[in-house]
Amino acid sequence: MYKKKLFRLALTSLLATTALTASGAVDEDFMRNVEDTFKSADAAIGIKDAKTATADAKELEKLFKEVADHYVKKGDAEDGVKMSQKSIDLSARIVTTVAAKDFDSAAAASAELGRTCKACHNVYKQD
Ligand code: HEC
């Protein structure tokens, strides 16, 4: 009985989290996922692991599309939309350069993406 309740509680909170992500909320958990994926992609480019770099960069594209949605919906956040769009473009550039085995260009795109993270945080992240 107790176990069943606990299971239902876990399921409810899981569904709540999914709903939050689907609405494009840019919060701490979401951004920690962005950070993990970015670090993984960057490391993979460094060791020329095309498979991991491509998978991560594609995931980043998706995540930044959600970030862009978030700022579009928020309204009056032109810079947020622009920087998310730039992040989507850079993630896509990682995918294409890695596909061409041009890891130098992929590393450059990744470094620029890293600067874009900071640029957005300077404007939109409090603390
Ligand atoms: C278009 C804007 C934007 C871009 C681009 C962006 N972020 Fe963020 N990020 C935010 C905002 C807003 C927060 C604050 C979220 C909050 O605390 O609710 C944040 C918070 C964070 C945090 C702190 C989470 C915590 O524990 O409080 C990390 C880490 C982070 N971002 C990593 C990244 C990385 C890595 C990138 C680039 C690959 C990136 N972000 C790109 C807007 C952005």
# chains A, B, ... in the order shown; residues from 1 in each chain; ligands from 1
>>> closest_atom_pairs(of="chain A", to="ligand 1", cutoff="7 Å", atoms="only C-alpha atoms and all ligand atoms", output="CSV")
residue,atom,partner,partner_atom_place_in_ligand_line,distance
A:Val26,CA,ligand 1,15 (C),5.7
A:Asp27,CA,ligand 1,18 (O),3.6
A:Glu28,CA,ligand 1,24 (C),4.1
A:Asp29,CA,ligand 1,24 (C),6.7
A:Met31,CA,ligand 1,31 (N),4.5
A:Arg32,CA,ligand 1,29 (C),5.0
A:Val34,CA,ligand 1,34 (C),5.6
A:Glu35,CA,ligand 1,35 (C),3.6
A:Phe38,CA,ligand 1,38 (C),5.2
A:Val67,CA,ligand 1,1 (C),6.2
A:Ala68,CA,ligand 1,1 (C),6.8
A:Gly80,CA,ligand 1,1 (C),4.4
A:Val81,CA,ligand 1,1 (C),6.4
A:Met83,CA,ligand 1,1 (C),4.9
A:Ser84,CA,ligand 1,1 (C),4.3
A:Ser87,CA,ligand 1,5 (C),5.9
A:Leu113,CA,ligand 1,38 (C),5.8
A:Gly114,CA,ligand 1,37 (C),5.4
A:Thr116,CA,ligand 1,5 (C),5.6
A:Cys117,CA,ligand 1,41 (C),3.5
A:Lys118,CA,ligand 1,41 (C),6.8
A:Cys120,CA,ligand 1,2 (C),4.3
A:His121,CA,ligand 1,42 (C),5.2
A:Tyr124,CA,ligand 1,12 (C),4.7
A:Lys125,CA,ligand 1,14 (C),4.5
A:Gln126,CA,ligand 1,14 (C),6.7
>>> residues_around(residues="Leu90 of chain A", least_positions_apart="2", cutoff="8 Å", atoms="only C-alpha atoms", output="PyMOL selection string")
chain A and resi 86-88+92-94+109-110+112-113
>>> closest_residue(among="A:Ala107, A:Ala25, A:Val98, A:Ala119", to="Ala55 of chain A", atoms="only C-alpha atoms")
A:Val98
>>> residues_around(residues="Ile47 of chain A", least_positions_apart="2", cutoff="12 Å", atoms="only C-alpha atoms", output="VMD selection string")
chain A and resid 40 to 45 49 to 53 98 101 103 to 104 106 to 107
>>> atom_distance(atom1="atom CA of Val95 of chain A", atom2="atom CA of Lys58 of chain A")
6.9 Å
>>> atom_distance(atom1="atom CA of Ala99 of chain A", atom2="atom CA of Thr37 of chain A")
18.3 Å
>>> atom_distance(atom1="atom CA of Asp76 of chain A", atom2="atom CA of Leu60 of chain A")
24.0 Å
>>> closest_residue(among="A:Ala77, A:Ala100, A:Val72, A:Ala111", to="Val123 of chain A", atoms="only C-alpha atoms")
A:Ala77
>>> closest_residue(among="A:Asn33, A:Lys65, A:Asn122, A:Asp102", to="Lys48 of chain A", atoms="only C-alpha atoms")
A:Asp102
